file model-v3.tsv (TSV, C-alpha atoms)
chain	number	residue	atom	x	y	z
A	24	MET	CA	-4.16	64.31	-42.42
A	25	ILE	CA	-2.23	61.57	-44.23
A	26	PHE	CA	-0.43	60.78	-40.98
A	27	ALA	CA	-3.75	60.40	-39.15
A	28	LYS	CA	-5.12	58.08	-41.87
A	29	THR	CA	-1.95	56.00	-41.82
A	30	LEU	CA	-2.07	55.81	-38.06
A	31	ARG	CA	-5.73	54.72	-38.16
A	32	ALA	CA	-4.92	52.06	-40.76
A	33	LEU	CA	-2.01	50.82	-38.68
A	34	ILE	CA	-4.14	50.60	-35.54
A	35	CYS	CA	-6.85	48.74	-37.47
A	36	ALA	CA	-4.27	46.33	-38.89
A	37	LEU	CA	-2.79	45.79	-35.44
A	38	LEU	CA	-6.20	45.15	-33.92
A	39	GLY	CA	-6.97	42.78	-36.78
A	40	ILE	CA	-3.76	40.85	-36.19
A	41	LEU	CA	-4.44	40.72	-32.45
A	42	MET	CA	-8.00	39.53	-33.05
A	43	LEU	CA	-6.79	36.88	-35.51
A	44	GLY	CA	-4.13	35.76	-33.05
A	45	TRP	CA	-6.66	35.53	-30.25
A	46	LEU	CA	-9.08	33.54	-32.42
A	47	THR	CA	-6.33	31.20	-33.63
A	48	ALA	CA	-5.15	30.67	-30.07
A	49	ASN	CA	-8.68	29.86	-28.99
A	50	VAL	CA	-9.12	27.41	-31.84
A	51	ALA	CA	-5.77	25.79	-31.04
A	52	TYR	CA	-6.73	25.57	-27.38
A	53	ALA	CA	-10.06	24.04	-28.26
A	54	GLN	CA	-8.39	21.43	-30.48
A	55	ALA	CA	-5.78	20.43	-27.90
A	56	PRO	CA	-6.73	17.22	-26.16
A	57	ALA	CA	-8.30	18.13	-22.87
A	58	PRO	CA	-6.72	16.41	-19.92
A	59	ASP	CA	-8.87	13.35	-19.37
A	60	GLU	CA	-9.13	12.93	-15.64
A	61	GLU	CA	-10.97	9.62	-15.78
A	62	THR	CA	-8.38	8.06	-18.12
A	63	TYR	CA	-5.63	9.33	-15.84
A	64	ARG	CA	-7.39	8.03	-12.73
A	65	ILE	CA	-7.75	4.54	-14.24
A	66	ALA	CA	-4.21	4.58	-15.65
A	67	LYS	CA	-2.97	5.36	-12.14
A	68	GLN	CA	-4.40	2.02	-11.01
A	69	LEU	CA	-2.52	0.01	-13.64
A	70	ASN	CA	1.13	-0.95	-14.00
A	71	CYS	CA	3.29	-0.22	-17.00
A	72	PRO	CA	3.67	-3.68	-18.57
A	73	THR	CA	7.23	-3.19	-19.74
A	74	CYS	CA	8.93	-1.18	-17.00
A	75	ALA	CA	8.95	-2.39	-13.43
A	76	GLY	CA	7.47	-0.35	-10.63
A	77	ARG	CA	5.93	2.39	-12.74
A	78	ASN	CA	2.26	3.17	-13.12
A	79	LEU	CA	0.68	3.53	-16.51
A	80	ALA	CA	-0.36	7.16	-16.05
A	81	ASP	CA	3.17	8.45	-15.53
A	82	CYS	CA	4.93	6.25	-18.08
A	83	PRO	CA	5.89	7.77	-21.45
A	84	THR	CA	6.57	4.51	-23.35
A	85	GLU	CA	4.76	3.51	-26.54
A	86	THR	CA	3.13	0.54	-24.81
A	87	CYS	CA	1.64	2.76	-22.14
A	88	ALA	CA	0.48	5.29	-24.74
A	89	GLN	CA	-1.42	2.46	-26.46
A	90	TRP	CA	-2.92	1.26	-23.21
A	91	LYS	CA	-4.02	4.77	-22.27
A	92	ALA	CA	-5.61	5.13	-25.70
A	93	GLU	CA	-7.44	1.86	-25.06
A	94	ILE	CA	-8.72	3.14	-21.70
A	95	LYS	CA	-9.98	6.31	-23.37
A	96	ALA	CA	-11.62	4.36	-26.19
A	97	GLN	CA	-13.43	2.09	-23.73
A	98	LEU	CA	-14.62	5.05	-21.63
A	99	ASP	CA	-15.86	6.71	-24.82
A	100	GLN	CA	-17.83	3.53	-25.52
A	101	GLY	CA	-19.60	4.06	-22.20
A	102	LYS	CA	-17.79	1.46	-20.09
A	103	SER	CA	-17.37	2.12	-16.39
A	104	ALA	CA	-13.99	2.42	-14.71
A	105	GLN	CA	-14.43	-1.01	-13.12
A	106	GLU	CA	-15.29	-2.58	-16.50
A	107	VAL	CA	-12.13	-1.07	-17.99
A	108	LEU	CA	-10.01	-2.40	-15.12
A	109	ASP	CA	-11.67	-5.82	-15.48
A	110	TYR	CA	-10.82	-5.81	-19.20
A	111	PHE	CA	-7.15	-5.19	-18.49
A	112	GLN	CA	-7.08	-7.79	-15.73
A	113	THR	CA	-8.76	-10.41	-17.92
A	114	ARG	CA	-6.49	-9.71	-20.87
A	115	PHE	CA	-3.17	-9.23	-19.11
A	116	GLY	CA	-3.56	-10.88	-15.72
A	117	PRO	CA	-3.80	-9.60	-12.15
A	118	THR	CA	-0.19	-8.35	-12.15
A	119	VAL	CA	-1.35	-5.46	-14.30
A	120	LEU	CA	-3.13	-3.94	-11.31
A	121	GLN	CA	-1.25	-1.59	-9.01
A	122	GLU	CA	-3.10	-3.11	-6.08
A	123	PRO	CA	-3.09	-6.91	-6.25
A	124	PRO	CA	-6.51	-8.57	-5.89
A	125	LYS	CA	-7.58	-9.43	-2.35
A	126	SER	CA	-8.32	-13.00	-3.42
A	127	GLY	CA	-6.44	-15.95	-4.92
A	128	ALA	CA	-2.66	-16.17	-4.91
A	129	THR	CA	-2.23	-12.53	-3.88
A	130	ALA	CA	-4.57	-12.72	-0.87
A	131	PRO	CA	-1.64	-13.46	1.53
A	132	LEU	CA	-0.11	-10.10	0.59
A	133	TRP	CA	-3.14	-8.41	2.18
A	134	ALA	CA	-3.50	-10.90	5.02
A	135	ALA	CA	0.19	-10.88	6.04
A	136	PRO	CA	0.26	-7.42	7.70
A	137	VAL	CA	-3.01	-8.12	9.54
A	138	GLY	CA	-1.68	-11.51	10.61
A	139	ALA	CA	1.60	-9.95	11.73
A	140	ALA	CA	-0.27	-7.34	13.79
A	141	ILE	CA	-2.36	-10.07	15.44
A	142	VAL	CA	0.75	-12.16	16.16
A	143	PHE	CA	2.43	-9.05	17.56
A	144	LEU	CA	-0.48	-8.24	19.87
A	145	ILE	CA	-0.95	-11.82	21.06
A	146	GLY	CA	2.80	-12.26	21.55
A	147	ALA	CA	3.15	-8.98	23.40
A	148	GLY	CA	0.16	-9.83	25.63
A	149	LEU	CA	1.50	-13.29	26.42
A	150	VAL	CA	5.01	-12.13	27.20
A	151	MET	CA	3.75	-9.29	29.40
A	152	TRP	CA	1.42	-11.65	31.23
A	153	ARG	CA	4.24	-14.15	31.88
A	154	THR	CA	6.55	-11.37	33.03
A	155	SER	CA	3.94	-10.13	35.48
A	156	GLN	CA	3.43	-13.69	36.77
A	157	ARG	CA	7.17	-14.15	37.37
A	158	ASN	CA	7.60	-10.81	39.14
A	159	PRO	CA	4.58	-10.29	41.41
A	160	PRO	CA	3.99	-6.69	42.44
A	161	ALA	CA	6.35	-5.66	45.23
A	162	ALA	CA	4.92	-5.10	48.71
A	163	PRO	CA	4.26	-1.48	49.59
A	164	SER	CA	7.60	0.03	50.23
A	165	THR	CA	8.38	1.32	53.70
A	166	PRO	CA	10.85	4.05	54.36
A	167	GLN	CA	14.20	2.43	54.91
A	168	SER	CA	15.91	3.02	58.13
A	169	GLU	CA	19.58	3.96	58.10
A	170	GLY	CA	20.57	0.61	59.53
A	171	GLU	CA	19.06	-1.45	56.71
A	172	ASP	CA	21.58	-0.49	54.06
A	173	PRO	CA	24.99	0.62	55.17
A	174	PHE	CA	25.81	2.11	51.79
A	175	VAL	CA	22.67	4.29	51.76
A	176	ALA	CA	23.28	5.28	55.36
A	177	ALA	CA	26.83	6.35	54.57
A	178	LEU	CA	25.66	8.27	51.53
A	179	GLU	CA	23.00	10.10	53.49
A	180	ARG	CA	25.51	10.97	56.19
A	181	GLU	CA	27.87	12.43	53.60
A	182	VAL	CA	25.08	14.48	52.05
A	183	ARG	CA	24.10	15.84	55.43
A	184	GLN	CA	27.70	16.77	56.20
A	185	SER	CA	28.18	18.56	52.93
A	186	GLU	CA	25.04	20.63	53.61
B	8	MET	CA	13.09	-4.07	30.98
B	9	LYS	CA	9.52	-3.37	29.84
B	10	SER	CA	10.64	-3.05	26.19
B	11	LYS	CA	11.90	-6.65	26.13
B	12	PRO	CA	8.46	-8.25	25.69
B	13	LEU	CA	7.71	-5.81	22.90
B	14	ILE	CA	10.97	-6.67	21.17
B	15	ILE	CA	10.13	-10.38	21.37
B	16	ALA	CA	6.63	-9.78	20.03
B	17	GLY	CA	8.05	-7.59	17.23
B	18	ALA	CA	10.54	-10.31	16.34
B	19	LEU	CA	7.73	-12.88	16.21
B	20	ALA	CA	5.69	-10.59	13.95
B	21	ALA	CA	8.71	-10.00	11.69
B	22	ILE	CA	9.32	-13.75	11.45
B	23	ALA	CA	5.64	-14.28	10.56
B	24	VAL	CA	5.84	-11.64	7.79
B	25	ILE	CA	9.11	-13.02	6.40
B	26	ALA	CA	7.70	-16.56	6.45
B	27	GLY	CA	4.57	-15.34	4.63
B	28	VAL	CA	6.56	-13.54	1.95
B	29	PHE	CA	8.79	-16.61	1.55
B	30	VAL	CA	5.75	-18.86	1.03
B	31	ILE	CA	4.33	-16.44	-1.57
B	32	ALA	CA	7.69	-16.23	-3.36
B	33	LEU	CA	7.99	-20.02	-3.46
B	34	ASN	CA	4.48	-20.25	-4.82
B	35	LEU	CA	5.25	-17.75	-7.57
B	36	VAL	CA	8.48	-19.52	-8.52
B	37	ALA	CA	6.65	-22.86	-8.64
B	38	GLN	CA	3.98	-21.32	-10.88
B	39	GLN	CA	6.56	-19.89	-13.29
B	40	GLY	CA	8.69	-23.00	-13.70
B	41	ALA	CA	11.81	-23.13	-15.79
B	42	ARG	CA	12.39	-21.93	-19.33
B	43	PRO	CA	12.00	-24.87	-21.75
B	44	ALA	CA	15.48	-25.84	-22.78
B	45	VAL	CA	16.43	-26.90	-26.29
B	46	GLY	CA	15.73	-30.63	-26.51
B	47	SER	CA	12.92	-30.55	-23.97
B	48	PRO	CA	9.18	-30.81	-24.70
B	49	ALA	CA	7.47	-27.54	-25.58
B	50	PRO	CA	4.92	-26.63	-22.87
B	51	ASP	CA	1.39	-27.06	-24.13
B	52	PHE	CA	-0.94	-24.08	-24.29
B	53	THR	CA	-4.18	-22.78	-25.73
B	54	LEU	CA	-4.16	-19.76	-28.02
B	55	LYS	CA	-7.21	-17.76	-29.02
B	56	LEU	CA	-6.67	-16.60	-32.58
B	57	TYR	CA	-7.62	-13.17	-33.88
B	58	PRO	CA	-10.53	-13.15	-36.35
B	59	GLY	CA	-9.11	-13.09	-39.86
B	60	TYR	CA	-5.80	-14.58	-38.69
B	61	ARG	CA	-6.70	-18.24	-38.36
B	62	ALA	CA	-5.45	-19.62	-41.68
B	63	GLY	CA	-7.93	-22.48	-41.57
B	64	LEU	CA	-7.35	-23.30	-37.90
B	65	PRO	CA	-10.15	-23.20	-35.28
B	66	GLU	CA	-10.71	-20.09	-33.15
B	67	GLU	CA	-8.91	-21.68	-30.25
B	68	ILE	CA	-5.97	-23.99	-30.80
B	69	ARG	CA	-3.80	-26.17	-28.61
B	70	LEU	CA	-0.15	-26.62	-29.38
B	71	SER	CA	-0.45	-30.38	-28.81
B	72	ASP	CA	-3.08	-30.53	-31.57
B	73	LEU	CA	-0.42	-29.38	-34.04
B	74	ARG	CA	1.82	-32.39	-33.30
B	75	GLY	CA	3.21	-33.82	-36.55
B	76	ASN	CA	3.91	-30.33	-37.88
B	77	VAL	CA	6.94	-28.14	-37.45
B	78	VAL	CA	5.85	-25.10	-35.44
B	79	VAL	CA	7.51	-21.70	-35.55
B	80	MET	CA	6.24	-19.75	-32.60
B	81	ASN	CA	6.97	-16.05	-32.60
B	82	PHE	CA	6.27	-13.72	-29.67
B	83	TRP	CA	5.69	-10.14	-30.81
B	84	ALA	CA	3.93	-6.89	-29.94
B	85	SER	CA	2.79	-3.90	-31.94
B	86	TRP	CA	4.80	-1.55	-29.69
B	87	CYS	CA	7.98	-3.57	-30.25
B	88	VAL	CA	10.30	-1.74	-32.64
B	89	GLU	CA	12.56	-4.78	-33.12
B	90	CYS	CA	9.54	-6.84	-34.21
B	91	TYR	CA	9.04	-4.59	-37.24
B	92	LYS	CA	12.43	-5.73	-38.54
B	93	GLU	CA	11.41	-9.37	-38.87
B	94	ALA	CA	7.72	-8.99	-39.75
B	95	ASP	CA	8.27	-9.20	-43.52
B	96	ALA	CA	10.68	-12.11	-43.18
B	97	LEU	CA	8.25	-14.11	-41.04
B	98	GLU	CA	5.44	-13.66	-43.53
B	99	ALA	CA	7.66	-14.49	-46.52
B	100	VAL	CA	9.00	-17.67	-44.95
B	101	TYR	CA	5.52	-18.68	-43.76
B	102	ARG	CA	4.25	-18.46	-47.37
B	103	LYS	CA	7.25	-20.47	-48.55
B	104	TYR	CA	6.69	-23.36	-46.12
B	105	LYS	CA	2.98	-23.32	-45.30
B	106	ASP	CA	2.20	-26.27	-47.58
B	107	ARG	CA	5.10	-28.35	-46.28
B	108	GLY	CA	3.83	-29.15	-42.80
B	109	VAL	CA	5.12	-25.97	-41.19
B	110	ILE	CA	2.81	-23.88	-39.01
B	111	PHE	CA	3.63	-20.36	-37.93
B	112	LEU	CA	2.03	-19.02	-34.76
B	113	GLY	CA	2.21	-15.36	-33.88
B	114	ILE	CA	1.75	-14.80	-30.16
B	115	ASP	CA	0.77	-11.26	-29.37
B	116	TYR	CA	2.31	-10.21	-26.07
B	117	LEU	CA	0.98	-7.42	-23.82
B	118	ASP	CA	-0.90	-5.76	-26.63
B	119	THR	CA	-4.27	-4.12	-26.99
B	120	GLU	CA	-6.38	-5.35	-29.88
B	121	ALA	CA	-6.66	-2.30	-32.15
B	122	PRO	CA	-2.91	-1.59	-32.49
B	123	ALA	CA	-2.22	-5.32	-32.80
B	124	LEU	CA	-4.64	-5.75	-35.70
B	125	ALA	CA	-3.30	-2.57	-37.32
B	126	TYR	CA	0.23	-4.04	-37.10
B	127	LEU	CA	-0.85	-7.32	-38.71
B	128	GLN	CA	-2.56	-5.40	-41.49
B	129	GLN	CA	0.40	-3.08	-42.01
B	130	TYR	CA	2.78	-6.01	-42.63
B	131	ASN	CA	0.26	-8.07	-44.62
B	132	ILE	CA	0.59	-10.90	-42.16
B	133	THR	CA	-1.60	-13.90	-42.93
B	134	TYR	CA	-0.29	-16.65	-40.64
B	135	PRO	CA	-2.26	-17.53	-37.47
B	136	ASN	CA	-1.99	-14.94	-34.75
B	137	GLY	CA	-3.60	-14.62	-31.36
B	138	ILE	CA	-3.42	-12.90	-28.04
B	139	ASP	CA	-1.51	-14.38	-25.13
B	140	LEU	CA	-4.26	-13.96	-22.56
B	141	GLN	CA	-2.95	-13.21	-19.07
B	142	GLN	CA	0.60	-13.80	-20.40
B	143	GLN	CA	0.18	-17.50	-19.74
B	144	ILE	CA	2.21	-18.61	-22.75
B	145	ALA	CA	4.91	-16.01	-22.15
B	146	ARG	CA	5.19	-17.27	-18.56
B	147	ALA	CA	5.27	-20.93	-19.61
B	148	TYR	CA	8.11	-20.19	-22.03
B	149	ARG	CA	9.75	-17.68	-19.66
B	150	ILE	CA	10.33	-15.15	-22.44
B	151	THR	CA	12.55	-12.22	-21.61
B	152	GLY	CA	11.00	-9.82	-24.12
B	153	VAL	CA	9.92	-9.54	-27.72
B	154	PRO	CA	10.69	-10.64	-30.35
B	155	GLU	CA	11.45	-14.18	-29.31
B	156	THR	CA	11.01	-17.22	-31.56
B	157	PHE	CA	10.77	-20.89	-30.61
B	158	PHE	CA	11.27	-23.65	-33.15
B	159	ILE	CA	9.34	-26.80	-32.27
B	160	ASP	CA	9.77	-30.04	-34.18
B	161	ARG	CA	7.13	-32.57	-35.28
B	162	ASP	CA	7.40	-34.39	-31.94
B	163	GLY	CA	6.74	-31.26	-29.93
B	164	ILE	CA	10.36	-30.80	-28.86
B	165	VAL	CA	11.96	-27.34	-28.69
B	166	ARG	CA	14.77	-27.34	-31.24
B	167	ASP	CA	15.91	-23.74	-31.04
B	168	VAL	CA	15.16	-20.39	-29.43
B	169	VAL	CA	16.17	-17.04	-30.88
B	170	ILE	CA	15.94	-13.84	-28.85
B	171	ALA	CA	16.40	-11.34	-31.68
B	172	PRO	CA	14.80	-10.37	-34.99
B	173	LEU	CA	15.30	-13.10	-37.59
B	174	THR	CA	16.08	-12.85	-41.28
B	175	GLU	CA	14.55	-15.02	-44.01
B	176	ALA	CA	17.79	-16.99	-44.32
B	177	GLN	CA	17.97	-17.65	-40.57
B	178	LEU	CA	14.35	-18.79	-40.46
B	179	SER	CA	14.67	-21.01	-43.54
B	180	ALA	CA	17.87	-22.64	-42.29
B	181	ARG	CA	16.26	-23.66	-38.99
B	182	ILE	CA	13.07	-24.91	-40.64
B	183	ASP	CA	14.99	-26.89	-43.28
B	184	LYS	CA	16.98	-28.58	-40.53
B	185	MET	CA	13.83	-29.63	-38.67
B	186	LEU	CA	12.17	-30.86	-41.86
B	187	ALA	CA	15.24	-32.91	-42.72
B	188	ASP	CA	15.39	-34.61	-39.28

call {"tool": "encode", "arguments": {"input": "model-v3.tsv", "output": "structure tokens"}}
result
Amino acid sequence: MIFAKTLRALICALLGILMLGWLTANVAYAQAPAPDEETYRIAKQLNCPTCAGRNLADCPTETCAQWKAEIKAQLDQGKSAQEVLDYFQTRFGPTVLQEPPKSGATAPLWAAPVGAAIVFLIGAGLVMWRTSQRNPPAAPSTPQSEGEDPFVAALEREVRQSE
Amino acid sequence: MKSKPLIIAGALAAIAVIAGVFVIALNLVAQQGARPAVGSPAPDFTLKLYPGYRAGLPEEIRLSDLRGNVVVMNFWASWCVECYKEADALEAVYRKYKDRGVIFLGIDYLDTEAPALAYLQQYNITYPNGIDLQQQIARAYRITGVPETFFIDRDGIVRDVVIAPLTEAQLSARIDKMLAD
């Protein structure tokens, strides 16, 4: 009887602890900052200002933490992603953007590959045209007689003999 | 034989790309210019001051408007750990010299506003401070990081540059020398 009561009390205590643990875990989970996809997406489009070649989203430095906090704060204020990007560009300059602007001093960066492709196509066309002009298409070939090329004739004779 | 024209066209395209990149690089170098050497004129600039950190100056100031004063120009950032080390010294020396024709300018580099203002408040800084918009001043002075301090004399000539946190004694010694000249 005492054993059964003790067992019941133990089970109740265990359930209580489990319930408390589950509740605490849920509370902790609820309090943890939810991954902010929009902040991350915008941060991906910006450069870390202090380390070369790294985007803001993946950089663990204090500067980047501050910038990410600023992105989040501006989104919380209701600003659009473009407005946030414009803010960073206005404040820190176009070099802050992962993709340089398609206008101004950085426009040639976008135009260069297109220009190179055009130069390549025009150049290739011109060179091929000139080559075809220099070497006009050969007249329809006629089967060569044995007497035309002594080397070929000798070769053919040898092949026939070996057969 | 047929690949030869393609090779020539590819070479032409490569030359065009290299030439384009070269032009862009030259343009960027020309924009950046050289770091102002000691003894050379300090490049002029406009600085928009933070509200509450103007010390009687207008919202937007030009360095050339401060001619006739000794200017101590300090680049800093709230994320810069080394800047914390000299923050108290800068404020103390500013208070010591502010009525003797010495102007301190804090130039906030690559900083967002909230942490920057929190930093200024934390160190009780009262001298004029503003944001270096688009890093134009940092580029003109070719700074290599923060903190970096330029000492500019009454004629607008760079007298010294220090790329490290400064102590009160180091600041005072440089200012005294410029005031004595």

call {"tool": "residues_around", "arguments": {"input": "model-v3.tsv", "residues": "Cys82 of chain A", "least_positions_apart": "6", "cutoff": "12 Å", "atoms": "only C-alpha atoms", "output": "PDB file with C-alpha atoms, in the frame of the given file"}}
result
ATOM      1  CA  TYR A  63      -5.630   9.330 -15.840  1.00  0.00           C
ATOM      2  CA  ALA A  66      -4.210   4.580 -15.650  1.00  0.00           C
ATOM      3  CA  LYS A  67      -2.970   5.360 -12.140  1.00  0.00           C
ATOM      4  CA  LEU A  69      -2.520   0.010 -13.640  1.00  0.00           C
ATOM      5  CA  ASN A  70       1.130  -0.950 -14.000  1.00  0.00           C
ATOM      6  CA  CYS A  71       3.290  -0.220 -17.000  1.00  0.00           C
ATOM      7  CA  PRO A  72       3.670  -3.680 -18.570  1.00  0.00           C
ATOM      8  CA  THR A  73       7.230  -3.190 -19.740  1.00  0.00           C
ATOM      9  CA  CYS A  74       8.930  -1.180 -17.000  1.00  0.00           C
ATOM     10  CA  ALA A  75       8.950  -2.390 -13.430  1.00  0.00           C
ATOM     11  CA  GLY A  76       7.470  -0.350 -10.630  1.00  0.00           C
ATOM     12  CA  ALA A  88       0.480   5.290 -24.740  1.00  0.00           C
ATOM     13  CA  GLN A  89      -1.420   2.460 -26.460  1.00  0.00           C
ATOM     14  CA  TRP A  90      -2.920   1.260 -23.210  1.00  0.00           C
ATOM     15  CA  LYS A  91      -4.020   4.770 -22.270  1.00  0.00           C
TER      16      LYS A  91
END

call {"tool": "atom_distance", "arguments": {"input": "model-v3.tsv", "atom1": "atom CA of Val168 of chain B", "atom2": "atom CA of Pro122 of chain B"}}
result
26.3 Å

call {"tool": "closest_residue", "arguments": {"input": "model-v3.tsv", "among": "B:Pro172, B:Gly27, B:Gly163, B:Pro154", "to": "Phe52 of chain B", "atoms": "all atoms listed in the file"}}
result
B:Gly163

call {"tool": "atom_distance", "arguments": {"input": "model-v3.tsv", "atom1": "atom CA of Thr174 of chain B", "atom2": "atom CA of Ala187 of chain B"}}
result
20.1 Å

call {"tool": "interface_residues", "arguments": {"input": "model-v3.tsv", "of": "chain B", "to": "chain A", "cutoff": "6 Å", "atoms": "all atoms listed in the file", "output": "list in words"}}
result
Pro12, Leu13, Ala16, Gly17, Ala20, Val24, Trp86, Leu140 and Gln141 of chain B

call {"tool": "atom_distance", "arguments": {"input": "model-v3.tsv", "atom1": "atom CA of Ala104 of chain A", "atom2": "atom CA of Ile65 of chain A"}}
result
6.6 Å

call {"tool": "residues_around", "arguments": {"input": "model-v3.tsv", "residues": "Leu124 of chain B", "least_positions_apart": "5", "cutoff": "12 Å", "atoms": "only C-alpha atoms", "output": "mmCIF file with C-alpha atoms, in the frame of the given file"}}
result
data_model
loop_
_atom_site.group_PDB
_atom_site.id
_atom_site.type_symbol
_atom_site.label_atom_id
_atom_site.label_comp_id
_atom_site.auth_asym_id
_atom_site.auth_seq_id
_atom_site.Cartn_x
_atom_site.Cartn_y
_atom_site.Cartn_z
ATOM 1 C CA LEU B 56 -6.670 -16.600 -32.580
ATOM 2 C CA TYR B 57 -7.620 -13.170 -33.880
ATOM 3 C CA PRO B 58 -10.530 -13.150 -36.350
ATOM 4 C CA GLY B 59 -9.110 -13.090 -39.860
ATOM 5 C CA TYR B 60 -5.800 -14.580 -38.690
ATOM 6 C CA ALA B 84 3.930 -6.890 -29.940
ATOM 7 C CA SER B 85 2.790 -3.900 -31.940
ATOM 8 C CA TRP B 86 4.800 -1.550 -29.690
ATOM 9 C CA GLY B 113 2.210 -15.360 -33.880
ATOM 10 C CA ASP B 115 0.770 -11.260 -29.370
ATOM 11 C CA ASP B 118 -0.900 -5.760 -26.630
ATOM 12 C CA THR B 119 -4.270 -4.120 -26.990
ATOM 13 C CA GLN B 129 0.400 -3.080 -42.010
ATOM 14 C CA TYR B 130 2.780 -6.010 -42.630
ATOM 15 C CA ASN B 131 0.260 -8.070 -44.620
ATOM 16 C CA ILE B 132 0.590 -10.900 -42.160
ATOM 17 C CA THR B 133 -1.600 -13.900 -42.930
ATOM 18 C CA ASN B 136 -1.990 -14.940 -34.750
ATOM 19 C CA GLY B 137 -3.600 -14.620 -31.360
ATOM 20 C CA ILE B 138 -3.420 -12.900 -28.040
#

call {"tool": "residues_around", "arguments": {"input": "model-v3.tsv", "residues": "segment 179-182 of chain B", "least_positions_apart": "5", "cutoff": "12 Å", "atoms": "only C-alpha atoms", "output": "NGL selection string"}}
result
:B and (76-80 or 96-105 or 107-111 or 156-161 or 165-169 or 173-174 or 187-188)

call {"tool": "residues_around", "arguments": {"input": "model-v3.tsv", "residues": "Asp139 of chain B", "least_positions_apart": "6", "cutoff": "8 Å", "atoms": "all atoms listed in the file", "output": "list in words"}}
result
Leu54, Lys55, Ile114, Asp115, Tyr116, Leu117 and Ala145 of chain B

call {"tool": "build_atoms", "arguments": {"input": "model-v3.tsv", "residues": "segment 127-140 of chain A", "atoms": "N, CA and C atoms", "output": "compact mmCIF listing (two decimals), in the frame of the given file"}}
result
# COMPACT_ATOMS: atom_id res chain seq x y z
N GLY A 127 -7.35 -15.09 -4.15
CA GLY A 127 -6.44 -15.95 -4.92
C GLY A 127 -5.03 -15.92 -4.38
N ALA A 128 -4.07 -16.03 -5.32
CA ALA A 128 -2.66 -16.17 -4.91
C ALA A 128 -2.14 -14.93 -4.21
N THR A 129 -2.75 -13.77 -4.47
CA THR A 129 -2.23 -12.53 -3.88
C THR A 129 -2.91 -12.18 -2.55
N ALA A 130 -3.88 -12.99 -2.14
CA ALA A 130 -4.57 -12.72 -0.87
C ALA A 130 -3.60 -12.65 0.33
N PRO A 131 -2.57 -13.54 0.39
CA PRO A 131 -1.64 -13.46 1.53
C PRO A 131 -0.94 -12.11 1.66
N LEU A 132 -0.76 -11.42 0.52
CA LEU A 132 -0.11 -10.10 0.59
C LEU A 132 -0.93 -9.14 1.45
N TRP A 133 -2.26 -9.27 1.38
CA TRP A 133 -3.14 -8.41 2.18
C TRP A 133 -3.27 -8.96 3.60
N ALA A 134 -3.28 -10.30 3.70
CA ALA A 134 -3.50 -10.90 5.02
C ALA A 134 -2.25 -10.83 5.90
N ALA A 135 -1.06 -10.82 5.26
CA ALA A 135 0.19 -10.88 6.04
C ALA A 135 0.32 -9.75 7.06
N PRO A 136 0.10 -8.48 6.68
CA PRO A 136 0.26 -7.42 7.70
C PRO A 136 -0.75 -7.54 8.83
N VAL A 137 -1.98 -7.96 8.50
CA VAL A 137 -3.01 -8.12 9.54
C VAL A 137 -2.59 -9.26 10.46
N GLY A 138 -2.14 -10.36 9.85
CA GLY A 138 -1.68 -11.51 10.61
C GLY A 138 -0.51 -11.14 11.51
N ALA A 139 0.42 -10.36 10.95
CA ALA A 139 1.60 -9.95 11.73
C ALA A 139 1.17 -9.09 12.92
N ALA A 140 0.21 -8.21 12.69
CA ALA A 140 -0.27 -7.34 13.79
C ALA A 140 -0.92 -8.18 14.87
